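**Q** Mind looking over this structure? Questions follow.
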Amino acid sequence: GKWNGSGWPGNAGVHNISDDTRRQWGELVANMSRVAPAANSTCAVAHLPFFGDSVLCPFDTIKVSDGLVDRHVHFSLPAGEPPAGGWPVVLHWQGSFFTADLTFSAAAVFPFGALYQTRTVKNLLDEGFAVVAPEAFLGGLTFWDTNLPPWDTMIPLGQWPTAPDAVLLRNVLNAISTGAMGPLDVTHMHATGISSGAYMTSRCGFAYGHLFRSLAIESGSFYYCGGPVCLPPLSVPDTHPPTLFLHGDLDPIVPIWTMEMYAADLTLNGIHNDQVTMALGLHQWIEQAPTVVPAWFRQWNDVDVPTAAQA
């Protein structure tokens, strides 16, 4: 198979994992880049000594402005010919400190359920979804603005349009619309993410719900929350997309009750949602994600979204 990716994970520093793990990520990429893609897939799958089960998906990178600096936005396209309107899109928001390029490679030995994350990406690609992964500020070594002052107000928009991440998102959407990342369909979009990226996914639901057909929130809650510091919102917009919640039962960083509160609020407002939890799961991508996330996006991909609200 021919790799169409110009960038590979493992080179960017990640500052809350050990130097050993960072080095191992680079070694994984070096090993896996010699493995041919799996049948009918762009991604390589192998069982390697030390690493165990491993996945590597190719990606390309463009630069997109956040109004202050240019940031990398990584993207991977499915194999084959796109639909007439372009590939449906999954915006994938990185977790804190784990740079967005790491979304596309993982092994069983890596922390926070990284392998389940990359298997989810592989399955999305195999099912015909393009995956777009912007990086957080400072080369992805930080986290998203959504739950930081002054943008963490419970008023759905508040100061949010002034946030660098809001500018980035608008410019990413423009890049999707104009074909800068290939034939993508801006009318068929979904969003997912873990931890800080899960709060950013919630922001997509509250501030841009009319643009997304569904969400999958892993280890997170409302867009303004932070761990156990979390209250229900003043209101939920009618345009909030159907949402799949994924959570570890024993998550010590984002308590599961904060997710359950979010789900209950959506139910109260008549918005479709479902919960998938992992017994004894911690703050991580859960083992069910590679199956349930693509199925959720597929379920809602052809269901029209409300268009009353505007970004």
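Labels for the structure tokens follow display order: chains A, B, ..., residues from 1 in each chain, ligands from 1.
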Could you pull out all residues of stretch 35-250 of chain A with a DSSP call of strand (DSSP E or B) and give them as an NGL selection string?
**A** :A and (44-48 or 52-56 or 59-65 or 70-76 or 87-93 or 105-107 or 130-134 or 180 or 182 or 184-194 or 214-218 or 226 or 229 or 243-248)
**Q** Give me the residues within 7 Å of A:Asp274 as a list in words, counting only C-alpha atoms and dropping any in the same chain fewer than 4 places off.
**A**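 Counting only C-alpha atoms, the residues come to Thr243, Leu244 and Phe245 of chain A.
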**Q** Using only N, CA and C atoms, please write the residues we just selected to a file, as a short mmCIF file (atom, residue, chain, number, x, y, z; two decimals), in the first residue's frame.
**A**
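Saved file result_38.cif follows:
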data_model
loop_
_atom_site.label_atom_id
_atom_site.label_comp_id
_atom_site.auth_asym_id
_atom_site.auth_seq_id
_atom_site.Cartn_x
_atom_site.Cartn_y
_atom_site.Cartn_z
N THR A 243 -26.35 12.92 21.32
CA THR A 243 -25.03 12.79 21.96
C THR A 243 -24.85 11.42 22.59
N LEU A 244 -23.72 10.80 22.27
CA LEU A 244 -23.30 9.55 22.90
C LEU A 244 -22.26 9.89 23.96
N PHE A 245 -22.52 9.45 25.20
CA PHE A 245 -21.57 9.67 26.29
C PHE A 245 -20.81 8.38 26.55
#
**Q** Using Å and a single decimal, report how far atom CA of A:Ala44 sits from atom CA of A:Ala108.
**A**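 The value is 14.5 Å.
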**Q** Set the distance at 12 Å and use only C-alpha atoms: which residues neighbour A:Ala106 once local chain neighbours fewer than 2 positions away are removed? I'd like the list as a PyMOL selection string.
**A** chain A and resi 8-10+21-22+24-29+31-32+43-48+51-57+98+101-104+108-122+285
**Q** Those selected residues, please, written with C-alpha atoms and delivered as an mmCIF file, in the first residue's frame.
**A**
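Saved file selection.cif follows:
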data_model
loop_
_atom_site.group_PDB
_atom_site.id
_atom_site.type_symbol
_atom_site.label_atom_id
_atom_site.label_comp_id
_atom_site.auth_asym_id
_atom_site.auth_seq_id
_atom_site.Cartn_x
_atom_site.Cartn_y
_atom_site.Cartn_z
ATOM 1 C CA TRP A 8 3.620 10.878 11.529
ATOM 2 C CA PRO A 9 3.099 10.992 15.269
ATOM 3 C CA GLY A 10 5.881 10.671 17.757
ATOM 4 C CA THR A 21 6.696 6.729 26.541
ATOM 5 C CA ARG A 22 7.403 9.578 24.141
ATOM 6 C CA GLN A 24 8.330 4.505 22.522
ATOM 7 C CA TRP A 25 5.667 6.342 20.514
ATOM 8 C CA GLY A 26 8.344 7.304 17.992
ATOM 9 C CA GLU A 27 9.604 3.714 17.877
ATOM 10 C CA LEU A 28 6.068 2.472 17.292
ATOM 11 C CA VAL A 29 5.663 4.798 14.321
ATOM 12 C CA ASN A 31 7.969 0.029 13.177
ATOM 13 C CA MET A 32 4.388 0.435 11.984
ATOM 14 C CA CYS A 43 -4.474 2.035 8.381
ATOM 15 C CA ALA A 44 -1.894 -0.572 9.348
ATOM 16 C CA VAL A 45 -2.623 -3.089 12.111
ATOM 17 C CA ALA A 46 -0.058 -5.385 13.731
ATOM 18 C CA HIS A 47 0.901 -7.186 16.928
ATOM 19 C CA LEU A 48 4.436 -6.129 17.796
ATOM 20 C CA PHE A 51 3.961 -2.867 22.046
ATOM 21 C CA GLY A 52 1.287 -5.543 21.631
ATOM 22 C CA ASP A 53 -1.669 -4.704 19.412
ATOM 23 C CA SER A 54 -0.851 -1.569 17.415
ATOM 24 C CA VAL A 55 -2.572 0.683 14.875
ATOM 25 C CA LEU A 56 -1.176 3.395 12.607
ATOM 26 C CA CYS A 57 -3.266 5.593 10.301
ATOM 27 C CA PHE A 98 -1.522 14.722 24.129
ATOM 28 C CA ASP A 101 -1.010 13.881 15.863
ATOM 29 C CA LEU A 102 -0.992 11.102 18.474
ATOM 30 C CA THR A 103 -4.634 10.486 17.582
ATOM 31 C CA PHE A 104 -3.476 8.494 14.570
ATOM 32 C CA ALA A 108 -1.716 -1.499 23.784
ATOM 33 C CA VAL A 109 1.080 -0.385 26.135
ATOM 34 C CA PHE A 110 0.220 3.314 25.876
ATOM 35 C CA PRO A 111 -1.824 5.097 28.577
ATOM 36 C CA PHE A 112 -5.363 6.502 28.727
ATOM 37 C CA GLY A 113 -6.876 3.951 26.363
ATOM 38 C CA ALA A 114 -4.856 5.363 23.461
ATOM 39 C CA LEU A 115 -5.268 2.152 21.455
ATOM 40 C CA TYR A 116 -9.061 2.403 21.712
ATOM 41 C CA GLN A 117 -8.861 5.981 20.440
ATOM 42 C CA THR A 118 -6.844 5.041 17.362
ATOM 43 C CA ARG A 119 -8.980 1.965 16.705
ATOM 44 C CA THR A 120 -11.958 4.324 16.748
ATOM 45 C CA VAL A 121 -10.215 6.512 14.164
ATOM 46 C CA LYS A 122 -9.425 3.464 11.999
ATOM 47 C CA TRP A 285 -10.915 6.078 25.965
#
**Q** For the structure I just gave you, how does DSSP split stretch 71-218 of chain A - specifically, which residues are helix (DSSP H, G or I)? Reply as an MDAnalysis selection string.
**A** chainID A and resid 100:104 114:126 145:147 160:162 164:177 196:207 209:211
**Q** If you count only C-alpha atoms, which residues fall within 10 Å of A:Pro233, apart from same-chain ones fewer than 4 positions away, as a list of chain:residue names?
**A**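 Those residues are A:Thr153, A:Met154, A:Ile155, A:Pro156, A:Phe222, A:Tyr223, A:Tyr224, A:Cys225, A:Tyr262, A:Asp265.
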**Q** I need the residues from that last selection saved to file as a CSV table (one decimal), in the first residue's frame (with N, CA and C atoms), if you can.
**A**
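Now in result17.csv:
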chain,number,residue,atom,x,y,z
A,153,THR,N,-18.2,30.9,30.7
A,153,THR,CA,-19.5,31.4,31.2
A,153,THR,C,-20.6,30.3,30.8
A,154,MET,N,-21.6,30.2,31.7
A,154,MET,CA,-22.7,29.3,31.4
A,154,MET,C,-23.6,29.9,30.4
A,155,ILE,N,-23.5,31.2,30.1
A,155,ILE,CA,-24.3,31.8,29.0
A,155,ILE,C,-23.7,31.2,27.7
A,156,PRO,N,-24.5,30.5,26.9
A,156,PRO,CA,-23.9,29.7,25.8
A,156,PRO,C,-22.8,30.3,24.9
A,222,PHE,N,-20.4,19.2,30.5
A,222,PHE,CA,-20.8,20.4,29.9
A,222,PHE,C,-19.5,21.2,29.5
A,223,TYR,N,-19.6,22.0,28.5
A,223,TYR,CA,-18.4,22.7,27.9
A,223,TYR,C,-17.7,23.7,28.9
A,224,TYR,N,-18.3,24.1,30.0
A,224,TYR,CA,-17.7,25.0,30.9
A,224,TYR,C,-17.2,24.4,32.2
A,225,CYS,N,-17.5,23.1,32.3
A,225,CYS,CA,-17.1,22.3,33.5
A,225,CYS,C,-15.6,22.0,33.5
A,262,TYR,N,-25.3,15.7,32.6
A,262,TYR,CA,-25.5,16.2,31.2
A,262,TYR,C,-26.5,15.3,30.5
A,265,ASP,N,-30.0,16.1,31.6
A,265,ASP,CA,-30.4,17.4,31.1
A,265,ASP,C,-30.9,17.3,29.6
**Q** Could you give me, as a list of chain:residue names, the residues within 9 Å of A:Pro82, counting only C-alpha atoms and dropping anything in the same chain fewer than 6 positions from it?
**A**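 My list of contacting residues is A:Pro88, A:Gly128, A:Pro183, A:Leu184.
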**Q** How would the residues just picked look written out with C-alpha atoms as an mmCIF file, in the first residue's frame?
**A**
data_model
loop_
_atom_site.group_PDB
_atom_site.id
_atom_site.type_symbol
_atom_site.label_atom_id
_atom_site.label_comp_id
_atom_site.auth_asym_id
_atom_site.auth_seq_id
_atom_site.Cartn_x
_atom_site.Cartn_y
_atom_site.Cartn_z
ATOM 1 C CA PRO A 88 -18.691 13.079 6.038
ATOM 2 C CA GLY A 128 -16.181 6.329 5.186
ATOM 3 C CA PRO A 183 -13.453 16.443 -0.720
ATOM 4 C CA LEU A 184 -15.176 16.907 2.656
#
**Q** Let me make sure I understand: among A:Ser195, A:Asn174, A:Ser41, A:Asn301, which one has the smallest atom-to-atom distance to A:Ala79 if we use only C-alpha atoms?
**A** A:Ser41
**Q** Which polymer residues have any atom within 9 Å of an atom of stretch 145-147 of chain A, counting only C-alpha atoms, with same-chain residues fewer than 5 positions away left out, as a PyMOL selection string?
**A** chain A and resi 136-137+152-153+160+163-166+196+199-200+203+222-226
**Q** Can you write out the residues you just picked, keeping N, CA and C atoms, as a PDB file, in the first residue's frame?
**A**
ATOM      1  N   ALA A 136      -4.376  21.778  19.943  1.00  0.00           N
ATOM      2  CA  ALA A 136      -4.571  22.840  20.921  1.00  0.00           C
ATOM      3  C   ALA A 136      -3.386  23.813  20.876  1.00  0.00           C
ATOM      4  N   PHE A 137      -3.509  24.898  21.635  1.00  0.00           N
ATOM      5  CA  PHE A 137      -2.501  25.964  21.644  1.00  0.00           C
ATOM      6  C   PHE A 137      -1.122  25.420  22.032  1.00  0.00           C
ATOM      7  N   ASP A 152     -15.570  30.528  29.938  1.00  0.00           N
ATOM      8  CA  ASP A 152     -16.274  29.406  30.554  1.00  0.00           C
ATOM      9  C   ASP A 152     -17.630  29.794  31.125  1.00  0.00           C
ATOM     10  N   THR A 153     -18.175  30.930  30.708  1.00  0.00           N
ATOM     11  CA  THR A 153     -19.479  31.351  31.192  1.00  0.00           C
ATOM     12  C   THR A 153     -20.556  30.347  30.810  1.00  0.00           C
ATOM     13  N   TRP A 160     -17.229  33.780  24.131  1.00  0.00           N
ATOM     14  CA  TRP A 160     -16.622  32.695  23.361  1.00  0.00           C
ATOM     15  C   TRP A 160     -16.130  33.110  21.973  1.00  0.00           C
ATOM     16  N   ALA A 163     -12.451  33.866  21.704  1.00  0.00           N
ATOM     17  CA  ALA A 163     -11.435  32.885  22.082  1.00  0.00           C
ATOM     18  C   ALA A 163     -10.620  32.454  20.866  1.00  0.00           C
ATOM     19  N   PRO A 164      -9.310  32.281  21.017  1.00  0.00           N
ATOM     20  CA  PRO A 164      -8.519  31.757  19.900  1.00  0.00           C
ATOM     21  C   PRO A 164      -9.071  30.443  19.347  1.00  0.00           C
ATOM     22  N   ASP A 165      -9.563  29.573  20.232  1.00  0.00           N
ATOM     23  CA  ASP A 165     -10.112  28.307  19.745  1.00  0.00           C
ATOM     24  C   ASP A 165     -11.391  28.508  18.938  1.00  0.00           C
ATOM     25  N   ALA A 166     -12.152  29.558  19.244  1.00  0.00           N
ATOM     26  CA  ALA A 166     -13.345  29.858  18.450  1.00  0.00           C
ATOM     27  C   ALA A 166     -12.952  30.327  17.053  1.00  0.00           C
ATOM     28  N   SER A 196     -10.327  17.378  27.969  1.00  0.00           N
ATOM     29  CA  SER A 196     -10.485  18.747  27.476  1.00  0.00           C
ATOM     30  C   SER A 196     -11.175  18.748  26.117  1.00  0.00           C
ATOM     31  N   TYR A 199     -14.934  18.414  26.569  1.00  0.00           N
ATOM     32  CA  TYR A 199     -15.580  19.698  26.859  1.00  0.00           C
ATOM     33  C   TYR A 199     -15.701  20.530  25.574  1.00  0.00           C
ATOM     34  N   MET A 200     -14.698  20.433  24.709  1.00  0.00           N
ATOM     35  CA  MET A 200     -14.752  21.147  23.433  1.00  0.00           C
ATOM     36  C   MET A 200     -15.850  20.556  22.543  1.00  0.00           C
ATOM     37  N   ARG A 203     -18.942  22.062  23.640  1.00  0.00           N
ATOM     38  CA  ARG A 203     -19.034  23.429  23.104  1.00  0.00           C
ATOM     39  C   ARG A 203     -19.621  23.396  21.689  1.00  0.00           C
ATOM     40  N   PHE A 222     -20.427  19.153  30.477  1.00  0.00           N
ATOM     41  CA  PHE A 222     -20.763  20.437  29.863  1.00  0.00           C
ATOM     42  C   PHE A 222     -19.506  21.247  29.536  1.00  0.00           C
ATOM     43  N   TYR A 223     -19.581  22.040  28.487  1.00  0.00           N
ATOM     44  CA  TYR A 223     -18.430  22.742  27.910  1.00  0.00           C
ATOM     45  C   TYR A 223     -17.698  23.666  28.875  1.00  0.00           C
ATOM     46  N   TYR A 224     -18.346  24.093  29.961  1.00  0.00           N
ATOM     47  CA  TYR A 224     -17.728  25.041  30.896  1.00  0.00           C
ATOM     48  C   TYR A 224     -17.230  24.352  32.157  1.00  0.00           C
ATOM     49  N   CYS A 225     -17.453  23.052  32.299  1.00  0.00           N
ATOM     50  CA  CYS A 225     -17.087  22.332  33.521  1.00  0.00           C
ATOM     51  C   CYS A 225     -15.596  22.016  33.540  1.00  0.00           C
ATOM     52  N   GLY A 226     -15.114  21.646  34.728  1.00  0.00           N
ATOM     53  CA  GLY A 226     -13.752  21.179  34.890  1.00  0.00           C
ATOM     54  C   GLY A 226     -13.716  20.152  35.998  1.00  0.00           C
TER      55      GLY A 226
END
**Q** Rounded to one decimal, what separation in Å do you get between atom CA of A:Gly85 and atom CA of A:Gly205?
**A** 23.2 Å
**Q** Counting only C-alpha atoms, which of A:Ala107, A:Ala198, A:Val89, A:Leu169 gets nearest to A:Phe143?
**A**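 So, comparing all the options, the nearest one is A:Ala198.
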**Q** Neighbours of stretch 246-260 of chain A within 7 Å (only C-alpha atoms; same-chain residues fewer than 3 positions away dropped), as a list in words?
**A** Ile217, Glu218, Ser219, Gly220, Ser221, Gly227, Pro228, Cys230, Ala263, Ala264, Gln275, Val276, Thr277, Met278, Ala279, Leu280, Gly281, Leu282, His283, Gln284 and Ile286 of chain A
